[in-house]
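Enquirer: Just query_22.cif, nothing more (mmCIF, C-alpha atoms):
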```
data_protein
loop_
_atom_site.group_PDB
_atom_site.id
_atom_site.type_symbol
_atom_site.label_atom_id
_atom_site.label_comp_id
_atom_site.auth_asym_id
_atom_site.auth_seq_id
_atom_site.Cartn_x
_atom_site.Cartn_y
_atom_site.Cartn_z
ATOM 1 C CA MET H 50 -13.066 65.220 -18.431
ATOM 2 C CA THR H 51 -11.418 68.655 -18.434
ATOM 3 C CA ILE H 52 -13.018 71.961 -17.405
ATOM 4 C CA ASP H 53 -13.312 73.050 -21.051
ATOM 5 C CA ASP H 54 -15.095 69.733 -21.832
ATOM 6 C CA VAL H 55 -17.469 70.529 -18.960
ATOM 7 C CA ALA H 56 -18.168 74.045 -20.238
ATOM 8 C CA LEU H 57 -18.730 72.849 -23.801
ATOM 9 C CA ARG H 58 -21.047 70.072 -22.680
ATOM 10 C CA VAL H 59 -23.176 72.521 -20.686
ATOM 11 C CA ALA H 60 -23.180 74.977 -23.616
ATOM 12 C CA GLU H 61 -24.344 72.221 -25.946
ATOM 13 C CA ALA H 62 -27.106 71.151 -23.534
ATOM 14 C CA LEU H 63 -28.312 74.730 -23.069
ATOM 15 C CA GLY H 64 -28.368 75.195 -26.831
ATOM 16 C CA ALA H 65 -30.274 71.969 -27.336
ATOM 17 C CA ALA H 66 -32.795 73.014 -24.677
ATOM 18 C CA GLY H 67 -33.281 76.369 -26.422
ATOM 19 C CA VAL H 68 -32.000 78.333 -23.418
ATOM 20 C CA PRO H 69 -30.319 81.639 -24.392
ATOM 21 C CA PHE H 70 -26.960 81.750 -22.593
ATOM 22 C CA MET H 71 -23.436 83.137 -22.516
ATOM 23 C CA LEU H 72 -20.241 81.816 -20.988
ATOM 24 C CA VAL H 73 -18.727 84.455 -18.693
ATOM 25 C CA GLY H 74 -16.091 84.663 -15.918
ATOM 26 C CA GLY H 75 -12.616 83.257 -16.436
ATOM 27 C CA PHE H 76 -13.637 81.531 -19.664
ATOM 28 C CA SER H 77 -14.584 84.814 -21.310
ATOM 29 C CA SER H 78 -11.334 86.524 -20.312
ATOM 30 C CA ASN H 79 -9.372 83.490 -21.516
ATOM 31 C CA TYR H 80 -11.248 83.664 -24.806
ATOM 32 C CA HIS H 81 -10.415 87.353 -25.350
ATOM 33 C CA GLY H 82 -7.135 87.563 -23.485
ATOM 34 C CA ILE H 83 -4.402 85.458 -21.897
ATOM 35 C CA PRO H 84 -4.861 81.952 -20.405
ATOM 36 C CA ARG H 85 -5.557 81.897 -16.663
ATOM 37 C CA SER H 86 -6.477 78.718 -14.799
ATOM 38 C CA THR H 87 -10.064 78.454 -13.651
ATOM 39 C CA LYS H 88 -11.996 75.514 -12.244
ATOM 40 C CA ASP H 89 -15.379 77.143 -12.609
ATOM 41 C CA ALA H 90 -17.478 77.493 -15.740
ATOM 42 C CA ASP H 91 -19.848 80.424 -15.203
ATOM 43 C CA PHE H 92 -22.908 80.850 -17.378
ATOM 44 C CA VAL H 93 -25.575 83.545 -17.579
ATOM 45 C CA VAL H 94 -28.933 82.247 -18.769
ATOM 46 C CA GLN H 95 -32.151 83.969 -19.748
ATOM 47 C CA LEU H 96 -34.755 81.948 -17.872
ATOM 48 C CA SER H 97 -37.675 82.682 -15.594
ATOM 49 C CA ALA H 98 -37.440 79.338 -13.760
ATOM 50 C CA PRO H 99 -34.355 77.362 -12.710
ATOM 51 C CA LEU H 100 -32.997 74.604 -14.915
ATOM 52 C CA ASN H 101 -34.845 71.451 -13.955
ATOM 53 C CA GLU H 102 -33.768 67.903 -13.200
ATOM 54 C CA ALA H 103 -34.520 66.782 -16.751
ATOM 55 C CA PHE H 104 -31.897 69.274 -17.917
ATOM 56 C CA ALA H 105 -29.415 68.013 -15.322
ATOM 57 C CA ARG H 106 -29.917 64.463 -16.634
ATOM 58 C CA THR H 107 -29.068 65.536 -20.193
ATOM 59 C CA LEU H 108 -25.649 66.662 -18.954
ATOM 60 C CA GLY H 109 -24.736 63.119 -18.021
ATOM 61 C CA PRO H 110 -24.312 61.039 -14.864
ATOM 62 C CA GLU H 111 -21.096 62.843 -13.830
ATOM 63 C CA PHE H 112 -23.009 66.063 -13.250
ATOM 64 C CA GLU H 113 -24.495 66.510 -9.790
ATOM 65 C CA SER H 114 -27.050 69.208 -9.198
ATOM 66 C CA GLU H 115 -28.222 70.633 -5.898
ATOM 67 C CA PRO H 116 -30.936 68.552 -4.244
ATOM 68 C CA GLN H 117 -33.343 71.455 -4.698
ATOM 69 C CA MET H 118 -33.090 72.942 -8.154
ATOM 70 C CA SER H 119 -33.213 76.570 -7.137
ATOM 71 C CA PHE H 120 -31.901 79.949 -8.259
ATOM 72 C CA GLU H 121 -31.872 81.614 -4.843
ATOM 73 C CA THR H 122 -28.813 81.885 -2.588
ATOM 74 C CA ASN H 123 -27.960 83.510 0.738
ATOM 75 C CA THR H 124 -27.179 86.807 -0.932
ATOM 76 C CA GLY H 125 -30.349 86.857 -2.972
ATOM 77 C CA THR H 126 -28.335 86.276 -6.135
ATOM 78 C CA GLN H 127 -30.082 84.033 -8.566
ATOM 79 C CA ARG H 128 -27.677 81.198 -9.264
ATOM 80 C CA GLN H 129 -27.635 77.443 -9.599
ATOM 81 C CA GLU H 130 -24.720 75.108 -9.162
ATOM 82 C CA PHE H 131 -23.679 71.834 -10.787
ATOM 83 C CA ARG H 132 -20.655 69.811 -9.752
ATOM 84 C CA VAL H 133 -18.796 67.214 -11.729
ATOM 85 C CA SER H 134 -18.214 64.141 -9.594
ATOM 86 C CA GLY H 135 -14.622 63.082 -9.032
ATOM 87 C CA THR H 136 -13.304 66.478 -10.133
ATOM 88 C CA LEU H 137 -12.830 69.961 -8.702
ATOM 89 C CA PHE H 138 -15.009 71.440 -11.395
ATOM 90 C CA LYS H 139 -18.078 73.482 -10.762
ATOM 91 C CA VAL H 140 -20.630 75.013 -13.090
ATOM 92 C CA GLU H 141 -22.374 78.144 -11.853
ATOM 93 C CA VAL H 142 -25.492 79.214 -13.711
ATOM 94 C CA PHE H 143 -26.537 82.806 -13.026
ATOM 95 C CA ARG H 144 -29.906 84.088 -14.067
ATOM 96 C CA LEU H 145 -29.771 87.169 -16.310
ATOM 97 C CA SER H 146 -30.470 90.097 -13.994
ATOM 98 C CA ASP H 147 -32.344 93.367 -14.573
ATOM 99 C CA ASP H 148 -29.101 95.330 -14.319
ATOM 100 C CA ALA H 149 -28.770 97.587 -17.382
ATOM 101 C CA HIS H 150 -25.278 96.452 -18.301
ATOM 102 C CA ASP H 151 -26.075 92.771 -17.691
ATOM 103 C CA GLN H 152 -28.933 93.164 -20.167
ATOM 104 C CA GLU H 153 -26.751 94.986 -22.674
ATOM 105 C CA ARG H 154 -23.817 92.548 -22.561
ATOM 106 C CA PHE H 155 -26.280 89.689 -23.020
ATOM 107 C CA ARG H 156 -27.857 91.424 -26.018
ATOM 108 C CA ARG H 157 -24.411 92.009 -27.580
ATOM 109 C CA ARG H 158 -23.068 88.510 -26.895
ATOM 110 C CA GLN H 159 -21.266 86.805 -29.759
ATOM 111 C CA GLY H 160 -21.915 83.264 -30.947
ATOM 112 C CA VAL H 161 -18.784 81.391 -32.013
ATOM 113 C CA MET H 162 -17.884 77.799 -32.734
ATOM 114 C CA VAL H 163 -15.563 76.090 -30.268
ATOM 115 C CA ASP H 164 -14.719 72.462 -31.059
ATOM 116 C CA SER H 165 -17.783 72.253 -33.344
ATOM 117 C CA ARG H 166 -20.125 73.504 -30.632
ATOM 118 C CA GLN H 167 -21.799 76.888 -30.511
ATOM 119 C CA VAL H 168 -20.817 78.989 -27.529
ATOM 120 C CA PHE H 169 -21.818 82.576 -26.758
ATOM 121 C CA PHE H 170 -19.356 84.943 -25.108
ATOM 122 C CA PRO H 171 -19.712 88.560 -24.005
ATOM 123 C CA THR H 172 -17.647 90.932 -26.170
ATOM 124 C CA ALA H 173 -14.139 91.906 -25.032
ATOM 125 C CA GLU H 174 -15.482 95.383 -24.118
ATOM 126 C CA ASP H 175 -18.204 93.889 -21.925
ATOM 127 C CA VAL H 176 -15.699 91.575 -20.211
ATOM 128 C CA ILE H 177 -13.674 94.656 -19.255
ATOM 129 C CA ILE H 178 -16.701 96.639 -18.055
ATOM 130 C CA TRP H 179 -18.052 93.755 -15.981
ATOM 131 C CA LYS H 180 -14.746 92.825 -14.415
ATOM 132 C CA LEU H 181 -13.975 96.436 -13.492
ATOM 133 C CA ARG H 182 -17.208 96.470 -11.541
ATOM 134 C CA TRP H 183 -16.187 93.370 -9.569
ATOM 135 C CA ALA H 184 -12.644 94.680 -9.160
ATOM 136 C CA ARG H 185 -11.122 91.712 -7.328
ATOM 137 C CA ALA H 186 -7.383 91.260 -7.852
ATOM 138 C CA LYS H 187 -7.986 88.533 -10.464
ATOM 139 C CA ASP H 188 -10.562 90.714 -12.253
ATOM 140 C CA ARG H 189 -8.059 93.557 -12.504
ATOM 141 C CA GLU H 190 -5.467 91.178 -13.942
ATOM 142 C CA ASP H 191 -8.016 89.871 -16.452
ATOM 143 C CA VAL H 192 -8.861 93.459 -17.465
ATOM 144 C CA ARG H 193 -5.171 94.211 -18.066
ATOM 145 C CA ALA H 194 -4.793 91.024 -20.072
ATOM 146 C CA VAL H 195 -7.804 91.722 -22.315
ATOM 147 C CA MET H 196 -6.689 95.357 -22.784
ATOM 148 C CA GLY H 197 -3.141 94.236 -23.549
ATOM 149 C CA VAL H 198 -4.293 91.699 -26.147
ATOM 150 C CA GLN H 199 -7.168 93.550 -27.814
ATOM 151 C CA GLY H 200 -5.627 97.058 -27.518
ATOM 152 C CA ASP H 201 -6.751 99.392 -30.292
ATOM 153 C CA LYS H 202 -9.460 96.994 -31.486
ATOM 154 C CA LEU H 203 -11.534 97.845 -28.409
ATOM 155 C CA ASP H 204 -14.472 100.243 -28.625
ATOM 156 C CA TRP H 205 -13.146 102.637 -26.001
ATOM 157 C CA PRO H 206 -16.060 105.144 -26.038
ATOM 158 C CA TYR H 207 -18.438 102.247 -25.270
ATOM 159 C CA ILE H 208 -16.239 101.074 -22.368
ATOM 160 C CA GLU H 209 -15.770 104.604 -21.048
ATOM 161 C CA GLY H 210 -19.508 105.327 -21.187
ATOM 162 C CA TRP H 211 -20.416 102.334 -19.017
ATOM 163 C CA CYS H 212 -17.524 102.956 -16.654
ATOM 164 C CA GLU H 213 -18.814 106.521 -16.117
ATOM 165 C CA ARG H 214 -22.212 105.091 -15.203
ATOM 166 C CA HIS H 215 -20.693 102.503 -12.877
ATOM 167 C CA GLY H 216 -18.230 104.828 -11.153
ATOM 168 C CA THR H 217 -15.303 102.735 -12.423
ATOM 169 C CA ARG H 218 -13.815 105.289 -14.828
ATOM 170 C CA ALA H 219 -10.889 106.145 -12.527
ATOM 171 C CA LEU H 220 -10.140 102.440 -12.082
ATOM 172 C CA LEU H 221 -10.308 101.924 -15.853
ATOM 173 C CA GLU H 222 -7.748 104.688 -16.417
ATOM 174 C CA GLU H 223 -5.546 103.447 -13.576
ATOM 175 C CA ILE H 224 -5.321 99.973 -15.134
ATOM 176 C CA ARG H 225 -5.100 101.319 -18.697
ATOM 177 C CA ARG H 226 -2.015 103.352 -17.746
ATOM 178 C CA THR H 227 -0.217 100.177 -16.641
ATOM 179 C CA VAL H 228 -0.687 98.268 -19.913
ATOM 180 C CA PRO H 229 2.630 98.413 -21.791
ATOM 181 C CA ARG H 230 2.593 99.772 -25.352
ATOM 182 C CA ILE H 231 3.584 96.973 -27.700
ATOM 183 C CA MET W 207 10.540 117.527 6.686
ATOM 184 C CA PRO W 208 10.002 120.258 4.061
ATOM 185 C CA ALA W 209 6.373 121.104 3.280
ATOM 186 C CA ASN W 210 6.806 120.138 -0.387
ATOM 187 C CA ALA W 211 8.525 116.766 0.272
ATOM 188 C CA ASN W 212 5.491 114.907 -1.037
ATOM 189 C CA PRO W 213 3.304 117.429 -2.879
ATOM 190 C CA ASP W 214 0.878 114.686 -3.991
ATOM 191 C CA SER W 215 -0.102 114.069 -0.370
ATOM 192 C CA LEU W 216 -1.787 117.487 -0.334
ATOM 193 C CA ARG W 217 -3.870 116.818 -3.436
ATOM 194 C CA GLU W 218 -7.409 115.633 -3.121
ATOM 195 C CA GLN W 219 -7.503 111.905 -3.898
ATOM 196 C CA PRO W 220 -10.557 110.225 -5.425
ATOM 197 C CA ALA W 221 -12.271 107.728 -3.134
ATOM 198 C CA PRO W 222 -11.166 104.152 -3.923
ATOM 199 C CA TYR W 223 -13.710 102.222 -5.957
ATOM 200 C CA LEU W 224 -15.863 99.691 -4.104
ATOM 201 C CA PRO W 225 -18.243 97.295 -5.880
ATOM 202 C CA PRO W 226 -21.989 97.840 -5.370
ATOM 203 C CA PRO W 227 -23.218 96.235 -2.101
ATOM 204 C CA ALA W 228 -25.096 93.393 -3.844
ATOM 205 C CA THR W 229 -22.022 92.541 -5.949
ATOM 206 C CA GLN W 230 -19.808 92.697 -2.864
ATOM 207 C CA ARG W 231 -22.094 90.275 -1.018
ATOM 208 C CA LEU W 232 -21.870 87.845 -3.935
ATOM 209 C CA ILE W 233 -18.074 88.266 -4.111
ATOM 210 C CA ASP W 234 -17.838 87.467 -0.394
ATOM 211 C CA GLU W 235 -20.093 84.433 -0.749
ATOM 212 C CA LEU W 236 -18.112 83.037 -3.695
ATOM 213 C CA TYR W 237 -14.808 83.681 -1.899
ATOM 214 C CA ARG W 238 -16.045 81.874 1.195
ATOM 215 C CA GLU W 239 -17.042 78.849 -0.921
ATOM 216 C CA GLU W 240 -13.700 78.924 -2.711
ATOM 217 C CA LEU W 241 -11.809 78.897 0.590
ATOM 218 C CA ILE W 242 -13.827 75.976 1.926
ATOM 219 C CA GLU W 243 -13.154 73.970 -1.249
ATOM 220 C CA ALA W 244 -9.441 74.806 -1.204
ATOM 221 C CA ARG W 245 -9.142 73.690 2.427
ATOM 222 C CA GLU W 246 -10.696 70.349 1.548
ATOM 223 C CA MET W 247 -8.215 69.675 -1.280
ATOM 224 C CA ALA W 248 -4.995 67.711 -0.863
ATOM 225 C CA LEU W 249 -1.798 69.485 -1.899
ATOM 226 C CA GLU W 250 -1.057 66.896 -4.632
ATOM 227 C CA GLU W 251 -4.568 67.403 -5.960
ATOM 228 C CA LYS W 252 -3.964 71.154 -6.221
ATOM 229 C CA VAL W 253 -0.653 70.698 -8.039
ATOM 230 C CA ARG W 254 -2.149 68.191 -10.492
ATOM 231 C CA ALA W 255 -5.190 70.385 -11.089
ATOM 232 C CA GLY W 256 -3.068 73.482 -11.757
ATOM 233 C CA GLN W 257 -1.407 71.990 -14.829
ATOM 234 C CA GLN W 258 -4.639 70.569 -16.240
ATOM 235 C CA LEU W 259 -6.567 73.789 -15.668
ATOM 236 C CA PHE W 260 -3.876 75.829 -17.367
ATOM 237 C CA GLU W 261 -3.989 73.544 -20.415
ATOM 238 C CA SER W 262 -7.775 73.988 -20.548
ATOM 239 C CA ALA W 263 -7.347 77.762 -20.323
ATOM 240 C CA CYS W 264 -4.876 77.644 -23.230
ATOM 241 C CA ARG W 265 -7.374 75.677 -25.342
ATOM 242 C CA MET W 266 -10.030 78.341 -24.745
ATOM 243 C CA THR W 267 -7.619 81.172 -25.620
ATOM 244 C CA LEU W 268 -6.628 79.266 -28.759
ATOM 245 C CA ALA W 269 -10.317 78.984 -29.701
ATOM 246 C CA GLY W 270 -10.575 82.774 -29.374
ATOM 247 C CA ILE W 271 -7.493 83.271 -31.546
ATOM 248 C CA ARG W 272 -8.868 80.928 -34.238
ATOM 249 C CA ASN W 273 -12.176 82.791 -34.309
ATOM 250 C CA GLN W 274 -10.477 86.189 -34.397
ATOM 251 C CA HIS W 275 -8.055 85.088 -37.167
ATOM 252 C CA PRO W 276 -9.910 82.562 -39.344
ATOM 253 C CA GLU W 277 -7.392 83.133 -42.155
ATOM 254 C CA MET W 278 -4.471 81.832 -40.079
ATOM 255 C CA SER W 279 -3.058 78.321 -40.002
ATOM 256 C CA GLU W 280 -2.981 76.248 -36.800
ATOM 257 C CA GLU W 281 0.757 76.917 -36.471
ATOM 258 C CA GLN W 282 0.213 80.694 -36.765
ATOM 259 C CA CYS W 283 -2.540 80.545 -34.115
ATOM 260 C CA LEU W 284 -0.192 78.655 -31.790
ATOM 261 C CA GLU W 285 2.427 81.340 -32.365
ATOM 262 C CA ILE W 286 -0.070 84.023 -31.295
ATOM 263 C CA LEU W 287 -0.824 81.980 -28.165
ATOM 264 C CA ARG W 288 2.920 81.866 -27.409
ATOM 265 C CA GLN W 289 3.105 85.652 -27.890
ATOM 266 C CA ARG W 290 0.242 86.118 -25.421
ATOM 267 C CA LEU W 291 2.120 84.089 -22.821
ATOM 268 C CA VAL W 292 5.138 86.364 -23.400
ATOM 269 C CA LEU W 293 2.802 89.348 -22.942
ATOM 270 C CA LEU W 294 1.595 87.804 -19.673
ATOM 271 C CA ARG W 295 5.161 87.827 -18.365
ATOM 272 C CA ARG W 296 5.558 91.469 -19.423
ATOM 273 C CA LEU W 297 2.307 92.405 -17.685
ATOM 274 C CA GLU W 298 3.447 90.634 -14.525
ATOM 275 C CA GLU W 299 6.780 92.445 -14.634
ATOM 276 C CA THR W 300 5.095 95.835 -14.957
ATOM 277 C CA SER W 301 2.268 95.357 -12.426
#
```
Could I get this structure in the form of structure tokens?
Expert:
Amino acid sequence: MTIDDVALRVAEALGAAGVPFMLVGGFSSNYHGIPRSTKDADFVVQLSAPLNEAFARTLGPEFESEPQMSFETNTGTQRQEFRVSGTLFKVEVFRLSDDAHDQERFRRRQGVMVDSRQVFFPTAEDVIIWKLRWARAKDREDVRAVMGVQGDKLDWPYIEGWCERHGTRALLEEIRRTVPRI
Amino acid sequence: MPANANPDSLREQPAPYLPPPATQRLIDELYREELIEAREMALEEKVRAGQQLFESACRMTLAGIRNQHPEMSEEQCLEILRQRLVLLRRLEETS
């Protein structure tokens, strides 16, 4: 099983369970930008309670969930983890937060078909906004890649508006200046 | 050293951006977990995984290209993927 098989299987199971979701993180920047290796499939789900053991069973015997199906972590972030036995792969399921941009990117998410399965991704603009807020080295590279690929198709006023609110406008411009004109 | 040797040094610089505290705590937690996992992996395992993970990443990018250009043939989509990998090299050269 490959990491994209893992992500698609989880997407299919979430869809079948009627759980609204989107696939974020490295998968979303790969979708809108340039391939970068990732061993994690990160999902955001709209749920009030954690995914239960019945859900974990629908994923298949290779998927191992935490002994206690919980959303809480040390940092107070609401996330759940599944591992795929015999592989390095990990599935992180984050609960949709109250953050205004998290809500907005979830509302604007786009449903597409990938290998005959429906997957929801944040828009390219929302990938940029979110990753600028995290601002790790790999996030900055992902932002450059999505900007470089999507270029003039991006809704810049939308990106700039959120970056103003987040205090990331200077970072946006700094990275934007380094994207070569093609 | 003349006073105007580096005029930019006298300009007010904006404070560097830092993620919100809650995001930073999550970043630190994820990084810690990533380090622990990486330490537990054998070198051969890392090398093998790298190739496979990159192929998976390419499949996801190709899915994005197909959805963005439904009118294109498979060969044309693969050509766009190749162009993106060329762009990656250009971005790396100019970073």
Enquirer: Which residues of chain W sit at most 7 Å from chain H, using all atoms listed in the file? Give each one's shortest atom pair and distance in Å (one decimal place), in chain and ascending residue order, as JSON lines.
Expert:
```
{"residue": "W:Tyr223", "atom": "CA", "partner": "H:Thr217", "partner_atom": "CA", "distance": 6.7}
{"residue": "W:Pro225", "atom": "CA", "partner": "H:Trp183", "partner_atom": "CA", "distance": 5.8}
{"residue": "W:Thr229", "atom": "CA", "partner": "H:Trp183", "partner_atom": "CA", "distance": 6.9}
{"residue": "W:Arg231", "atom": "CA", "partner": "H:Thr124", "partner_atom": "CA", "distance": 6.2}
{"residue": "W:Leu232", "atom": "CA", "partner": "H:Thr124", "partner_atom": "CA", "distance": 6.2}
{"residue": "W:Gly256", "atom": "CA", "partner": "H:Ser86", "partner_atom": "CA", "distance": 6.9}
{"residue": "W:Leu259", "atom": "CA", "partner": "H:Ser86", "partner_atom": "CA", "distance": 5.0}
{"residue": "W:Phe260", "atom": "CA", "partner": "H:Ser86", "partner_atom": "CA", "distance": 4.7}
{"residue": "W:Ser262", "atom": "CA", "partner": "H:Asp53", "partner_atom": "CA", "distance": 5.6}
{"residue": "W:Ala263", "atom": "CA", "partner": "H:Pro84", "partner_atom": "CA", "distance": 4.9}
{"residue": "W:Cys264", "atom": "CA", "partner": "H:Pro84", "partner_atom": "CA", "distance": 5.2}
{"residue": "W:Met266", "atom": "CA", "partner": "H:Tyr80", "partner_atom": "CA", "distance": 5.5}
{"residue": "W:Thr267", "atom": "CA", "partner": "H:Tyr80", "partner_atom": "CA", "distance": 4.5}
{"residue": "W:Ala269", "atom": "CA", "partner": "H:Val163", "partner_atom": "CA", "distance": 6.0}
{"residue": "W:Gly270", "atom": "CA", "partner": "H:Tyr80", "partner_atom": "CA", "distance": 4.7}
{"residue": "W:Arg290", "atom": "CA", "partner": "H:Ile83", "partner_atom": "CA", "distance": 5.9}
{"residue": "W:Leu291", "atom": "CA", "partner": "H:Ile83", "partner_atom": "CA", "distance": 6.7}
{"residue": "W:Leu294", "atom": "CA", "partner": "H:Ile83", "partner_atom": "CA", "distance": 6.8}
{"residue": "W:Leu297", "atom": "CA", "partner": "H:Val228", "partner_atom": "CA", "distance": 7.0}
{"residue": "W:Ser301", "atom": "CA", "partner": "H:Thr227", "partner_atom": "CA", "distance": 6.9}
```
Enquirer: Once the PyMOL selection byres ((chain H and resi 152) around 12) has been evaluated on this model, what residues remain selected, and can you format them as a PyMOL selection string?
Expert: chain H and resi 70-71+93-95+144-151+153-158+171+175+179
Enquirer: Grab the atom CA of H:Glu61 to atom CA of W:His275 distance for me, in Å with one decimal place.
Expert: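 Spanning atom CA of H:Glu61 to atom CA of W:His275 is a straight-line distance of 23.6 Å.
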Enquirer: Please compute the atom CA of H:Gly160-atom CA of W:Ala255 distance, one decimal, in Å.
Expert: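 Straight-line distance from atom CA of H:Gly160 to atom CA of W:Ala255 works out to 29.0 Å.
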Enquirer: Identify all residues satisfying the PyMOL selection byres ((chain H and resi 206-210) around 9) in the given file; provide them as a list in words.
Expert: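 Taken on the displayed file, the PyMOL selection byres ((chain H and resi 206-210) around 9) yields the residues Glu174, Asp175, Ile177, Ile178, Leu203, Asp204, Trp205, Trp211, Cys212, Glu213, Arg214, His215, Thr217, Arg218 and Leu221 of chain H.
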Enquirer: Can you list what the PyMOL selection byres ((chain H and resi 133) around 12) grabs from this structure, as a ChimeraX atom specification?
Expert: /H:50-52,54-56,58-59,88-90,105,108-115,130-132,134-141
Enquirer: Using all atoms listed in the file, which residue out of H:Ala186, H:Ala60, H:Val142, H:Val68 lies closest to W:Ile233?
Expert: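 Residue with the minimum atom-to-atom distance to W:Ile233: H:Ala186.
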Enquirer: Ranking H:Val73, H:Asp191, H:Leu100, H:Asp91 by minimum distance to W:Glu298 and counting only C-alpha atoms, which one comes first?
Expert: H:Asp191
Enquirer: How many Å separate atom CA of H:Lys187 from atom CA of W:Gln230?
Expert: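 So the two atoms, atom CA of H:Lys187 and atom CA of W:Gln230, lie 14.7 Å apart.
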